[in-house]
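Here the structure is laid out as structure tokens; the discussion comes afterwards.
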Amino acid sequence: MAVTITLEPAGRCRWDEPVRIAVRGLAPGQPVTLRASLRDEKGALFRAHARYCADAAGLLDLERAPALGGSFTGLEPMGLFWALEPEKPLLRLVKRDVQTPFAVELEVFDGHEPEAQRLLGRAVHERDFLAPGVRREPVRAGRVRATLFLPPGDKPFPGILDLFGSGGGLCEYRASLLAGHGFAVLALAYFRFEDLPEHLNDVCLEYFEEAVDFMLQHPKVKGPGVGLLGFSKGGDLCLSMASFLKGITATVVINACMANTIAPLRYKDMIIPHLSYDLKKCAITESGFLNVVDIWGNPLEKTNHQSLIPLEKAQGPFLFIVGMDDQNWKSEVYAHIASERLQAHGKDRPQIIYYPGTGHCIDPPYFPLCRASVHAVWGQPVFYGGEPKAYSNAQTDAWQQIQTFFHKHLYGKKSVRPSKL
């Protein structure tokens with residue numbers, strides 16, 4: 001009987017969807033090694049492997065068989081995806097063109113590495129970023145530079161603005177995946193893209209107000225307000241938008257600061273200075289990476305009071321996603337300060353979800369952990385923290401929590417599928 005790798009669902013599926021991998025036609029108890037590999041749009045190679053043994057019937061089902069070693073151990077049905085590591089260090093797996101899938105090559109070899117040499121079977125699994133019927137529309141409206149993702153259907157959908165951090169550019173993969181769950185999502189660039197400013201030296205909130213107005217006036221966006229989703233620097237921008245702009249219904253931030261950071265923020269005749277920082281407090285890890293967690297000033301010190309974002313002015317609820325091993329800044333402390341400030345002004349306590357062993361970057365499910373990479377602002381390898389297994393669990397749960405939060409506050413639904421954690 002020929003050895004075959006089967007996947008359920010068969011054929012192409014979305015990147016944030018789990019897939020069931022099985023190997024059939026093996027000998028009873030046969031030791032094998034499974035390898036996964038993919039190349040990103042720039043040709044960078046990412047690989048993972050794990051050692052297994054077939055059951056008494058010659059079947060290897062990754063939902064029932066634990067990995068005995070390799071890139072991970074234990075029962076990890078999606079381990080071959082979240083454990084992918086770059087062939088060259090300091091590379092982060094991101095999707096630059098959401099209109100094409102990632103092709104993941106799966107191979108099964110006889111025996112356990114390093115002795116595993118004979119190839120028994122092979123399959124190519126495509127994982128895409130646009131659900132069937134989701135439309136991608138580039139947006140060049142006034143000053144706004146963005147991409148809008150619209151779910152299929154004639155009715156309007158709840159709208160979300162999606163902002164990334166201080167790396168700049170236009171990141172679409174999170175917005176495209178979220179649109180597959182019933183939201184109209186605007187992936188918004190705010191610097192280092194086309195004719196936008198090259199550097200994050202000065203930020204005008206009117207630009208983001210224009211983006212909010214664009215969404216509220218769009219016929220496919222259901223009002224009366226929109227949601228905000230922001231990571232890192234994009235997170236504190238979302239907190240500022242929620243505090244100063246009209247039409248914001250709900251806000252989710254991922255490892256964000258509750259003070260304005262990096263560059264002054266301007267809105268009308270107001271200027272919010274950035275949180276102080278001291279580059280002399282940069283540390284170097286044993287691996288030679290920059291650790292910037294201690295460079296930031298204390299937001300509660302008098303000299304930084306003007307940088308605090310007046311969250312109490314916001315009309316809608318907040319969800320803070322916090323990686324407890326965030327080595328970029330003290331996200332756990334910032335979320336606590338935000339909660340204290342809101343309650344001190346008679347506002348509801350925000351929802352805060354803490355993820356142990358999770359660093360600064362929290363992507364949608366199955367993106368592998370990047371513990372360090374060369375950052376566009378610092379120009380050097382920066383350490384972000386986190387451990388692969390804990391990070392994988394956090395991704396899956398946080399992705400579900402974000403959808404649940406937006407379904408509740410934008411759709412008016414109590415919940416979607418329950419969290420897997």
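Simple scheme: letters A, B, ... for chains in structure tokens order, numbers from 1 for residues in each chain, numbers from 1 for ligands in the order shown.
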
Would you list the contacts of A:Gly288 as a list in words, taking every protein, DNA or RNA residue within 10 Å and counting only C-alpha atoms, but skipping same-chain residues closer than 5 positions in sequence?
->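 Near A:Gly288, the qualifying residues are Ala283, Gln380, Pro381, Val382 and Phe383 of chain A.
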
Per-residue nearest contacts of stretch 44-160 of chain A to stretch 209-218 of chain A (12 Å; only C-alpha atoms) as a Markdown table:
```
| residue | atom | partner | partner_atom | distance |
| --- | --- | --- | --- | --- |
| A:Val139 | CA | A:Phe214 | CA | 9.6 |
| A:Arg140 | CA | A:Ala211 | CA | 10.4 |
| A:Ala141 | CA | A:Phe214 | CA | 7.8 |
| A:Gly142 | CA | A:Glu210 | CA | 8.1 |
| A:Arg143 | CA | A:Glu210 | CA | 7.8 |
| A:Val144 | CA | A:Ala211 | CA | 6.0 |
| A:Arg145 | CA | A:Ala211 | CA | 8.7 |
| A:Ala146 | CA | A:Ala211 | CA | 8.7 |
| A:Thr147 | CA | A:Ala211 | CA | 11.0 |
| A:Leu148 | CA | A:Met215 | CA | 9.1 |
| A:Phe149 | CA | A:Met215 | CA | 11.4 |
| A:Leu150 | CA | A:His218 | CA | 10.9 |
| A:Lys155 | CA | A:His218 | CA | 12.0 |
| A:Pro156 | CA | A:His218 | CA | 8.9 |
| A:Phe157 | CA | A:His218 | CA | 10.2 |
| A:Pro158 | CA | A:Met215 | CA | 9.8 |
| A:Gly159 | CA | A:Met215 | CA | 6.8 |
| A:Ile160 | CA | A:Met215 | CA | 8.3 |
```

Within 7 Å of stretch 324-333 of chain A, counting only C-alpha atoms, which residues qualify if same-chain residues fewer than 3 places away don't, as a ChimeraX atom specification?
-> /A:255-257,291-293,336-337,354-360,383-386

The selected residues should be written to file as a PDB file, in the first residue's frame (atoms: C-alpha atoms).
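The result, stored in selection14.pdb:
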```
ATOM      1  CA  ASN A 255       0.439  45.031  23.634  1.00  0.00           C
ATOM      2  CA  ALA A 256      -0.159  48.772  23.596  1.00  0.00           C
ATOM      3  CA  CYS A 257       0.806  51.680  25.839  1.00  0.00           C
ATOM      4  CA  ASN A 291      16.190  44.746  24.717  1.00  0.00           C
ATOM      5  CA  VAL A 292      14.326  48.052  24.917  1.00  0.00           C
ATOM      6  CA  VAL A 293      11.795  47.179  27.632  1.00  0.00           C
ATOM      7  CA  HIS A 336      -3.301  47.932  34.648  1.00  0.00           C
ATOM      8  CA  ILE A 337      -2.759  51.710  34.610  1.00  0.00           C
ATOM      9  CA  TYR A 354      -3.109  38.109  29.984  1.00  0.00           C
ATOM     10  CA  TYR A 355      -1.060  35.512  28.096  1.00  0.00           C
ATOM     11  CA  PRO A 356       1.925  33.995  29.970  1.00  0.00           C
ATOM     12  CA  GLY A 357       5.015  33.184  27.926  1.00  0.00           C
ATOM     13  CA  THR A 358       3.879  35.480  25.125  1.00  0.00           C
ATOM     14  CA  GLY A 359       6.007  38.317  23.770  1.00  0.00           C
ATOM     15  CA  HIS A 360       5.313  41.533  21.903  1.00  0.00           C
ATOM     16  CA  PHE A 383      14.291  41.059  21.238  1.00  0.00           C
ATOM     17  CA  TYR A 384      10.501  40.679  21.548  1.00  0.00           C
ATOM     18  CA  GLY A 385      10.200  37.762  23.989  1.00  0.00           C
ATOM     19  CA  GLY A 386       7.889  34.770  24.096  1.00  0.00           C
TER      20      GLY A 386
END
```

Mind pulling up the distance from atom CA of A:Ser166 to atom CA of A:Glu17?
->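 Atom CA of A:Ser166 lies at a distance of 28.1 Å from atom CA of A:Glu17.
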
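Here the residues within stretch 287-351 of chain A that DSSP labels strand (DSSP E or B) on the basis of the backbone are A:Leu290, A:Asn291, A:Trp296, A:Leu308, A:Phe318, A:Leu319, A:Phe320, A:Ile321, A:Val322, A:Gly323, A:Gln351.
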
Using only C-alpha atoms, please write the residues we just selected to a file, as an mmCIF file, in the first residue's frame.
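Contents of the output file result30.cif:
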```
data_model
loop_
_atom_site.group_PDB
_atom_site.id
_atom_site.type_symbol
_atom_site.label_atom_id
_atom_site.label_comp_id
_atom_site.auth_asym_id
_atom_site.auth_seq_id
_atom_site.Cartn_x
_atom_site.Cartn_y
_atom_site.Cartn_z
ATOM 1 C CA LEU A 290 18.600 44.867 21.799
ATOM 2 C CA ASN A 291 16.190 44.746 24.717
ATOM 3 C CA TRP A 296 10.491 53.947 28.442
ATOM 4 C CA LEU A 308 -1.241 60.121 28.978
ATOM 5 C CA PHE A 318 -11.922 48.333 25.540
ATOM 6 C CA LEU A 319 -10.216 44.961 25.232
ATOM 7 C CA PHE A 320 -6.512 44.785 26.123
ATOM 8 C CA ILE A 321 -4.563 41.768 24.808
ATOM 9 C CA VAL A 322 -1.386 41.447 26.887
ATOM 10 C CA GLY A 323 1.703 39.293 26.339
ATOM 11 C CA GLN A 351 -11.524 43.588 29.611
#
```

Near A:Pro197, within 12 Å and counting only C-alpha atoms, which residues show up once chain neighbours fewer than 6 positions away are dropped, as a list in words?
-> Arg143, Arg145, Gly168, Gly169, Ala189, Tyr190, Phe191, Val203, Cys204 and Tyr207 of chain A

Requested write-out: all heavy atoms of the selected residues, as a PDB file, in the first residue's frame:
```
ATOM      1  N   ARG A 143      -6.431  61.883   1.807  1.00  0.00           N
ATOM      2  CA  ARG A 143      -5.088  61.523   2.298  1.00  0.00           C
ATOM      3  C   ARG A 143      -4.977  60.053   2.687  1.00  0.00           C
ATOM      4  O   ARG A 143      -3.869  59.560   2.941  1.00  0.00           O
ATOM      5  CB  ARG A 143      -4.741  62.393   3.509  1.00  0.00           C
ATOM      6  CG  ARG A 143      -4.571  63.870   3.194  1.00  0.00           C
ATOM      7  CD  ARG A 143      -4.278  64.664   4.458  1.00  0.00           C
ATOM      8  NE  ARG A 143      -5.410  64.620   5.404  1.00  0.00           N
ATOM      9  CZ  ARG A 143      -5.371  65.150   6.626  1.00  0.00           C
ATOM     10  NH1 ARG A 143      -4.263  65.737   7.052  1.00  0.00           N
ATOM     11  NH2 ARG A 143      -6.435  65.093   7.409  1.00  0.00           N
ATOM     12  N   ARG A 145      -4.532  56.224   2.858  1.00  0.00           N
ATOM     13  CA  ARG A 145      -3.867  55.168   2.095  1.00  0.00           C
ATOM     14  C   ARG A 145      -4.133  53.860   2.833  1.00  0.00           C
ATOM     15  O   ARG A 145      -3.661  53.669   3.967  1.00  0.00           O
ATOM     16  CB  ARG A 145      -2.367  55.436   1.989  1.00  0.00           C
ATOM     17  CG  ARG A 145      -2.028  56.789   1.331  1.00  0.00           C
ATOM     18  CD  ARG A 145      -2.432  56.793  -0.139  1.00  0.00           C
ATOM     19  NE  ARG A 145      -2.181  58.069  -0.778  1.00  0.00           N
ATOM     20  CZ  ARG A 145      -3.107  59.011  -0.964  1.00  0.00           C
ATOM     21  NH1 ARG A 145      -4.350  58.831  -0.502  1.00  0.00           N
ATOM     22  NH2 ARG A 145      -2.815  60.129  -1.584  1.00  0.00           N
ATOM     23  N   GLY A 168       5.821  50.502  10.203  1.00  0.00           N
ATOM     24  CA  GLY A 168       5.289  51.250   9.066  1.00  0.00           C
ATOM     25  C   GLY A 168       4.821  50.347   7.941  1.00  0.00           C
ATOM     26  O   GLY A 168       4.749  49.125   8.063  1.00  0.00           O
ATOM     27  N   GLY A 169       4.479  50.979   6.800  1.00  0.00           N
ATOM     28  CA  GLY A 169       3.991  50.234   5.652  1.00  0.00           C
ATOM     29  C   GLY A 169       2.515  49.901   5.766  1.00  0.00           C
ATOM     30  O   GLY A 169       1.812  50.382   6.657  1.00  0.00           O
ATOM     31  N   ALA A 189      -2.558  52.243   6.511  1.00  0.00           N
ATOM     32  CA  ALA A 189      -1.164  52.682   6.635  1.00  0.00           C
ATOM     33  C   ALA A 189      -1.142  54.090   7.200  1.00  0.00           C
ATOM     34  O   ALA A 189      -2.084  54.867   6.988  1.00  0.00           O
ATOM     35  CB  ALA A 189      -0.482  52.643   5.276  1.00  0.00           C
ATOM     36  N   TYR A 190      -0.057  54.440   7.908  1.00  0.00           N
ATOM     37  CA  TYR A 190       0.037  55.812   8.395  1.00  0.00           C
ATOM     38  C   TYR A 190       1.443  56.401   8.265  1.00  0.00           C
ATOM     39  O   TYR A 190       1.641  57.580   8.523  1.00  0.00           O
ATOM     40  CB  TYR A 190      -0.502  55.964   9.820  1.00  0.00           C
ATOM     41  CG  TYR A 190       0.078  55.031  10.862  1.00  0.00           C
ATOM     42  CD1 TYR A 190       1.118  55.439  11.692  1.00  0.00           C
ATOM     43  CD2 TYR A 190      -0.449  53.758  11.055  1.00  0.00           C
ATOM     44  CE1 TYR A 190       1.625  54.615  12.671  1.00  0.00           C
ATOM     45  CE2 TYR A 190       0.055  52.920  12.033  1.00  0.00           C
ATOM     46  CZ  TYR A 190       1.090  53.345  12.839  1.00  0.00           C
ATOM     47  OH  TYR A 190       1.587  52.519  13.810  1.00  0.00           O
ATOM     48  N   PHE A 191       2.397  55.605   7.835  1.00  0.00           N
ATOM     49  CA  PHE A 191       3.693  56.144   7.429  1.00  0.00           C
ATOM     50  C   PHE A 191       4.464  55.044   6.710  1.00  0.00           C
ATOM     51  O   PHE A 191       4.101  53.875   6.746  1.00  0.00           O
ATOM     52  CB  PHE A 191       4.489  56.711   8.617  1.00  0.00           C
ATOM     53  CG  PHE A 191       5.193  55.682   9.473  1.00  0.00           C
ATOM     54  CD1 PHE A 191       6.578  55.557   9.426  1.00  0.00           C
ATOM     55  CD2 PHE A 191       4.486  54.872  10.340  1.00  0.00           C
ATOM     56  CE1 PHE A 191       7.237  54.627  10.225  1.00  0.00           C
ATOM     57  CE2 PHE A 191       5.127  53.952  11.142  1.00  0.00           C
ATOM     58  CZ  PHE A 191       6.514  53.824  11.081  1.00  0.00           C
ATOM     59  N   VAL A 203       2.593  63.036  14.154  1.00  0.00           N
ATOM     60  CA  VAL A 203       1.368  62.320  13.796  1.00  0.00           C
ATOM     61  C   VAL A 203       0.165  63.245  13.972  1.00  0.00           C
ATOM     62  O   VAL A 203      -0.005  63.839  15.046  1.00  0.00           O
ATOM     63  CB  VAL A 203       1.190  61.048  14.658  1.00  0.00           C
ATOM     64  CG1 VAL A 203      -0.066  60.294  14.232  1.00  0.00           C
ATOM     65  CG2 VAL A 203       2.414  60.147  14.535  1.00  0.00           C
ATOM     66  N   CYS A 204      -0.661  63.346  12.948  1.00  0.00           N
ATOM     67  CA  CYS A 204      -1.873  64.174  13.008  1.00  0.00           C
ATOM     68  C   CYS A 204      -3.096  63.273  13.097  1.00  0.00           C
ATOM     69  O   CYS A 204      -3.317  62.421  12.226  1.00  0.00           O
ATOM     70  CB  CYS A 204      -1.967  65.076  11.779  1.00  0.00           C
ATOM     71  SG  CYS A 204      -0.673  66.325  11.695  1.00  0.00           S
ATOM     72  N   TYR A 207      -5.754  62.701  10.191  1.00  0.00           N
ATOM     73  CA  TYR A 207      -5.611  61.649   9.170  1.00  0.00           C
ATOM     74  C   TYR A 207      -6.467  60.436   9.531  1.00  0.00           C
ATOM     75  O   TYR A 207      -7.180  59.873   8.683  1.00  0.00           O
ATOM     76  CB  TYR A 207      -4.139  61.239   9.046  1.00  0.00           C
ATOM     77  CG  TYR A 207      -3.904  60.041   8.146  1.00  0.00           C
ATOM     78  CD1 TYR A 207      -3.896  60.180   6.764  1.00  0.00           C
ATOM     79  CD2 TYR A 207      -3.712  58.773   8.680  1.00  0.00           C
ATOM     80  CE1 TYR A 207      -3.696  59.089   5.938  1.00  0.00           C
ATOM     81  CE2 TYR A 207      -3.506  57.673   7.863  1.00  0.00           C
ATOM     82  CZ  TYR A 207      -3.498  57.831   6.494  1.00  0.00           C
ATOM     83  OH  TYR A 207      -3.308  56.742   5.672  1.00  0.00           O
TER      84      TYR A 207
END
```

For A:Ala44, which of A:Ala67, A:Leu91, A:Leu186, A:Ala22 is the closest residue, counting only C-alpha atoms?
->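 Among A:Ala67, A:Leu91, A:Leu186, A:Ala22, it is A:Leu91 that comes nearest to A:Ala44.
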
Selection: 9 Å around A:Asp202, only C-alpha atoms, excl. self and same-chain fewer than 2 positions, as a list in words =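 Returned residues: Pro197, His199, Leu200, Cys204, Ala263, Pro264, Leu265 and Arg266 of chain A.
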
Writer output for current selection, N, CA and C atoms, as an mmCIF file, in the first residue's frame:
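Dumped to part-v9.cif:
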```cif
data_model
loop_
_atom_site.group_PDB
_atom_site.id
_atom_site.type_symbol
_atom_site.label_atom_id
_atom_site.label_comp_id
_atom_site.auth_asym_id
_atom_site.auth_seq_id
_atom_site.Cartn_x
_atom_site.Cartn_y
_atom_site.Cartn_z
ATOM 1 N N PRO A 197 4.315 60.088 5.043
ATOM 2 C CA PRO A 197 5.640 60.405 5.591
ATOM 3 C C PRO A 197 6.502 59.155 5.732
ATOM 4 N N HIS A 199 8.994 58.816 7.887
ATOM 5 C CA HIS A 199 9.349 58.567 9.282
ATOM 6 C C HIS A 199 8.214 58.995 10.214
ATOM 7 N N LEU A 200 8.200 58.388 11.390
ATOM 8 C CA LEU A 200 7.150 58.655 12.368
ATOM 9 C C LEU A 200 7.606 59.786 13.283
ATOM 10 N N CYS A 204 -0.661 63.346 12.948
ATOM 11 C CA CYS A 204 -1.873 64.174 13.008
ATOM 12 C C CYS A 204 -3.096 63.273 13.097
ATOM 13 N N ALA A 263 6.275 59.584 18.896
ATOM 14 C CA ALA A 263 6.204 60.879 18.219
ATOM 15 C C ALA A 263 5.048 61.696 18.790
ATOM 16 N N PRO A 264 5.150 63.034 18.760
ATOM 17 C CA PRO A 264 4.035 63.867 19.225
ATOM 18 C C PRO A 264 2.770 63.609 18.408
ATOM 19 N N LEU A 265 1.634 63.716 19.069
ATOM 20 C CA LEU A 265 0.339 63.538 18.418
ATOM 21 C C LEU A 265 -0.381 64.880 18.403
ATOM 22 N N ARG A 266 -0.811 65.298 17.216
ATOM 23 C CA ARG A 266 -1.485 66.586 17.063
ATOM 24 C C ARG A 266 -2.944 66.363 16.672
#
```

For A:Arg174: contacts at 10 Å, only C-alpha atoms, fewer than 3 positions along chain excluded, given as JSON, numbers by chain | {"A": [16, 94, 95, 98, 129, 162, 163, 164, 171, 177, 178, 179, 185, 187, 229, 363, 364, 399]}

Test item: residues at most 9 Å from stretch 52-58 of chain A, only C-alpha atoms, excluding those fewer than 5 positions along its chain, as a ChimeraX atom specification | /A:23-34,65-69,111-112

I need the chosen residues saved as a short mmCIF file (atom, residue, chain, number, x, y, z; two decimals), in the first residue's frame, with all heavy atoms.
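Contents of again.cif, as written:
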```cif
data_model
loop_
_atom_site.label_atom_id
_atom_site.label_comp_id
_atom_site.auth_asym_id
_atom_site.auth_seq_id
_atom_site.Cartn_x
_atom_site.Cartn_y
_atom_site.Cartn_z
N VAL A 23 -1.18 10.40 7.93
CA VAL A 23 -0.36 9.62 7.00
C VAL A 23 -0.89 8.19 7.01
O VAL A 23 -0.99 7.56 8.07
CB VAL A 23 1.13 9.64 7.39
CG1 VAL A 23 1.95 8.86 6.36
CG2 VAL A 23 1.64 11.08 7.50
N ARG A 24 -1.21 7.68 5.83
CA ARG A 24 -1.77 6.33 5.70
C ARG A 24 -0.82 5.43 4.91
O ARG A 24 -0.02 5.91 4.11
CB ARG A 24 -3.14 6.38 5.02
CG ARG A 24 -4.21 7.01 5.88
CD ARG A 24 -5.53 7.19 5.14
NE ARG A 24 -6.64 7.51 6.05
CZ ARG A 24 -6.87 8.71 6.55
NH1 ARG A 24 -6.09 9.72 6.20
NH2 ARG A 24 -7.87 8.91 7.39
N GLY A 25 -0.94 4.13 5.13
CA GLY A 25 -0.14 3.16 4.40
C GLY A 25 1.19 2.82 5.04
O GLY A 25 2.05 2.22 4.39
N LEU A 26 1.38 3.19 6.31
CA LEU A 26 2.61 2.86 7.02
C LEU A 26 2.53 1.46 7.61
O LEU A 26 1.44 0.88 7.74
CB LEU A 26 2.86 3.88 8.13
CG LEU A 26 3.05 5.35 7.70
CD1 LEU A 26 3.04 6.26 8.91
CD2 LEU A 26 4.34 5.51 6.91
N ALA A 27 3.66 0.92 8.01
CA ALA A 27 3.68 -0.34 8.73
C ALA A 27 3.25 -0.10 10.18
O ALA A 27 3.42 1.00 10.71
CB ALA A 27 5.07 -0.95 8.69
N PRO A 28 2.69 -1.09 10.85
CA PRO A 28 2.31 -0.92 12.26
C PRO A 28 3.50 -0.47 13.10
O PRO A 28 4.57 -1.09 13.07
CB PRO A 28 1.82 -2.31 12.67
CG PRO A 28 1.36 -2.94 11.39
CD PRO A 28 2.29 -2.43 10.34
N GLY A 29 3.31 0.64 13.83
CA GLY A 29 4.36 1.13 14.70
C GLY A 29 5.56 1.74 14.00
O GLY A 29 6.57 2.03 14.65
N GLN A 30 5.47 1.95 12.70
CA GLN A 30 6.63 2.43 11.94
C GLN A 30 7.07 3.82 12.40
O GLN A 30 6.25 4.73 12.49
CB GLN A 30 6.29 2.46 10.45
CG GLN A 30 7.45 2.93 9.56
CD GLN A 30 7.10 2.89 8.08
OE1 GLN A 30 6.05 2.36 7.70
NE2 GLN A 30 7.98 3.41 7.25
N PRO A 31 8.37 3.99 12.69
CA PRO A 31 8.86 5.34 13.03
C PRO A 31 9.05 6.17 11.77
O PRO A 31 9.60 5.70 10.77
CB PRO A 31 10.21 5.04 13.71
CG PRO A 31 10.66 3.74 13.12
CD PRO A 31 9.41 2.96 12.81
N VAL A 32 8.57 7.41 11.81
CA VAL A 32 8.68 8.30 10.66
C VAL A 32 9.01 9.72 11.15
O VAL A 32 8.81 10.05 12.32
CB VAL A 32 7.39 8.34 9.81
CG1 VAL A 32 7.13 7.01 9.13
CG2 VAL A 32 6.21 8.79 10.64
N THR A 33 9.49 10.51 10.21
CA THR A 33 9.73 11.93 10.47
C THR A 33 8.92 12.74 9.47
O THR A 33 8.96 12.49 8.27
CB THR A 33 11.22 12.29 10.32
OG1 THR A 33 11.98 11.55 11.29
CG2 THR A 33 11.45 13.77 10.53
N LEU A 34 8.15 13.70 9.98
CA LEU A 34 7.40 14.62 9.12
C LEU A 34 8.13 15.95 9.07
O LEU A 34 8.58 16.46 10.10
CB LEU A 34 5.99 14.83 9.65
CG LEU A 34 4.88 13.96 9.02
CD1 LEU A 34 5.15 12.50 9.31
CD2 LEU A 34 3.52 14.38 9.51
N ALA A 65 -1.72 11.36 17.66
CA ALA A 65 -0.36 10.88 17.90
C ALA A 65 0.54 12.02 18.39
O ALA A 65 0.63 13.07 17.73
CB ALA A 65 0.22 10.29 16.62
N PRO A 66 1.20 11.86 19.52
CA PRO A 66 2.10 12.91 20.01
C PRO A 66 3.42 12.89 19.24
O PRO A 66 3.90 11.83 18.82
CB PRO A 66 2.32 12.53 21.47
CG PRO A 66 2.14 11.04 21.50
CD PRO A 66 1.10 10.71 20.47
N ALA A 67 3.99 14.06 19.07
CA ALA A 67 5.34 14.17 18.51
C ALA A 67 6.34 13.71 19.56
O ALA A 67 6.24 14.08 20.74
CB ALA A 67 5.62 15.59 18.08
N LEU A 68 7.31 12.91 19.14
CA LEU A 68 8.29 12.34 20.07
C LEU A 68 9.55 13.18 20.15
O LEU A 68 10.43 12.88 20.96
CB LEU A 68 8.63 10.91 19.64
CG LEU A 68 7.43 9.97 19.47
CD1 LEU A 68 7.87 8.61 18.97
CD2 LEU A 68 6.68 9.85 20.79
N GLY A 69 9.63 14.21 19.33
CA GLY A 69 10.81 15.07 19.33
C GLY A 69 10.86 15.85 18.03
O GLY A 69 10.03 15.68 17.14
N GLY A 111 11.81 6.41 9.29
CA GLY A 111 12.75 6.49 10.40
C GLY A 111 12.73 7.84 11.08
O GLY A 111 11.99 8.76 10.70
N HIS A 112 13.53 7.95 12.11
CA HIS A 112 13.64 9.18 12.88
C HIS A 112 14.93 9.90 12.54
O HIS A 112 15.98 9.28 12.40
CB HIS A 112 13.60 8.89 14.39
CG HIS A 112 12.23 8.52 14.88
ND1 HIS A 112 12.01 7.93 16.10
CD2 HIS A 112 11.01 8.67 14.31
CE1 HIS A 112 10.70 7.73 16.26
NE2 HIS A 112 10.08 8.17 15.18
#
```

Provide the atom CA of A:Glu87 to atom CA of A:Thr6 distance in Å, to one decimal place.
->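 Value for the atom CA of A:Glu87-atom CA of A:Thr6 distance: 26.2 Å.
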
Counting only C-alpha atoms, which residues of stretch 220-281 of chain A fall within 12 Å of stretch 393-398 of chain A, and what is the closest atom pair for each with its distance in Å at one decimal, ordered by chain and rising number, as CSV?
```
residue,atom,partner,partner_atom,distance
A:Val252,CA,A:Ala398,CA,10.6
A:Val253,CA,A:Ala398,CA,11.0
A:Ile254,CA,A:Ala398,CA,9.3
A:Asn255,CA,A:Ala398,CA,11.8
```

Would you put the residues from that selection into a file with N, CA and C atoms, as an mmCIF file, in the first residue's frame?
```cif
data_model
loop_
_atom_site.group_PDB
_atom_site.id
_atom_site.type_symbol
_atom_site.label_atom_id
_atom_site.label_comp_id
_atom_site.auth_asym_id
_atom_site.auth_seq_id
_atom_site.Cartn_x
_atom_site.Cartn_y
_atom_site.Cartn_z
ATOM 1 N N VAL A 252 -9.947 47.348 20.438
ATOM 2 C CA VAL A 252 -9.072 46.253 20.871
ATOM 3 C C VAL A 252 -7.627 46.675 20.625
ATOM 4 N N VAL A 253 -6.789 46.555 21.657
ATOM 5 C CA VAL A 253 -5.367 46.846 21.483
ATOM 6 C C VAL A 253 -4.539 45.648 21.916
ATOM 7 N N ILE A 254 -3.472 45.398 21.175
ATOM 8 C CA ILE A 254 -2.574 44.269 21.428
ATOM 9 C C ILE A 254 -1.219 44.833 21.860
ATOM 10 N N ASN A 255 -0.844 44.571 23.097
ATOM 11 C CA ASN A 255 0.439 45.031 23.634
ATOM 12 C C ASN A 255 0.678 46.501 23.318
#
```

Measuring atom to atom with only C-alpha atoms, identify which of A:Arg35, A:Lys313, A:Arg12, A:Arg51 is nearest to A:Glu85.
->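 For A:Glu85, the nearest of the given residues is A:Arg35.
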
Stretch 280-377 of chain A: which residues are alpha helix (DSSP H) by DSSP, as a list in words?
->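 Across stretch 280-377 of chain A, those assigned alpha helix (DSSP H) are Ser331, Glu332, Val333, Tyr334, Ala335, His336, Ile337, Ala338, Ser339, Glu340, Arg341, Leu342, Gln343 and Ala344 of chain A.
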
Please, could you write that set of residues out with N, CA and C atoms as a compact mmCIF listing (two decimals), in the first residue's frame?
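Everything below was put into selection12.txt:
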```txt
# COMPACT_ATOMS: atom_id res chain seq x y z
N SER A 331 3.67 46.05 28.72
CA SER A 331 2.26 46.03 28.34
C SER A 331 1.36 45.67 29.51
N GLU A 332 1.82 44.75 30.36
CA GLU A 332 1.01 44.34 31.50
C GLU A 332 0.78 45.51 32.45
N VAL A 333 1.83 46.28 32.73
CA VAL A 333 1.72 47.46 33.60
C VAL A 333 0.81 48.50 32.96
N TYR A 334 0.99 48.73 31.66
CA TYR A 334 0.20 49.75 30.97
C TYR A 334 -1.30 49.41 31.00
N ALA A 335 -1.64 48.15 30.81
CA ALA A 335 -3.05 47.75 30.84
C ALA A 335 -3.63 47.98 32.23
N HIS A 336 -2.83 47.71 33.27
CA HIS A 336 -3.30 47.93 34.65
C HIS A 336 -3.53 49.42 34.90
N ILE A 337 -2.60 50.27 34.43
CA ILE A 337 -2.76 51.71 34.61
C ILE A 337 -4.01 52.20 33.88
N ALA A 338 -4.23 51.68 32.67
CA ALA A 338 -5.42 52.07 31.91
C ALA A 338 -6.69 51.71 32.66
N SER A 339 -6.71 50.51 33.24
CA SER A 339 -7.88 50.06 33.98
C SER A 339 -8.12 50.95 35.21
N GLU A 340 -7.05 51.26 35.93
CA GLU A 340 -7.18 52.12 37.11
C GLU A 340 -7.70 53.51 36.73
N ARG A 341 -7.21 54.04 35.62
CA ARG A 341 -7.64 55.38 35.20
C ARG A 341 -9.12 55.38 34.83
N LEU A 342 -9.55 54.39 34.07
CA LEU A 342 -10.95 54.32 33.67
C LEU A 342 -11.87 54.22 34.89
N GLN A 343 -11.51 53.36 35.84
CA GLN A 343 -12.36 53.18 37.02
C GLN A 343 -12.35 54.43 37.91
N ALA A 344 -11.21 55.12 37.95
CA ALA A 344 -11.14 56.34 38.75
C ALA A 344 -12.06 57.43 38.22
```

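We find atom CA of A:Pro310 and atom CA of A:Lys268 to be spaced 15.9 Å apart.
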
Name the closest residue to A:Leu93 among the candidates A:Gly235, A:Gly297, A:Pro152, A:Pro368; distances are taken between atoms, counting only C-alpha atoms.
-> A:Pro368

Counting only C-alpha atoms, the residue of A:Ala184, A:Gly247, A:Ile309, A:Thr404 that sits nearest A:Ile271 | A:Ile309

Could you tell me which of A:Ser37, A:Gly167, A:Cys13, A:Ser176 comes closest to A:Ala376 if we count only C-alpha atoms?
->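 The answer is A:Gly167, which sits nearest to A:Ala376.
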
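Shortest separation to A:Glu76 among A:Ser307, A:Pro317, A:Lys347, A:Asp61 occurs at residue A:Asp61, atoms counted being only C-alpha atoms.
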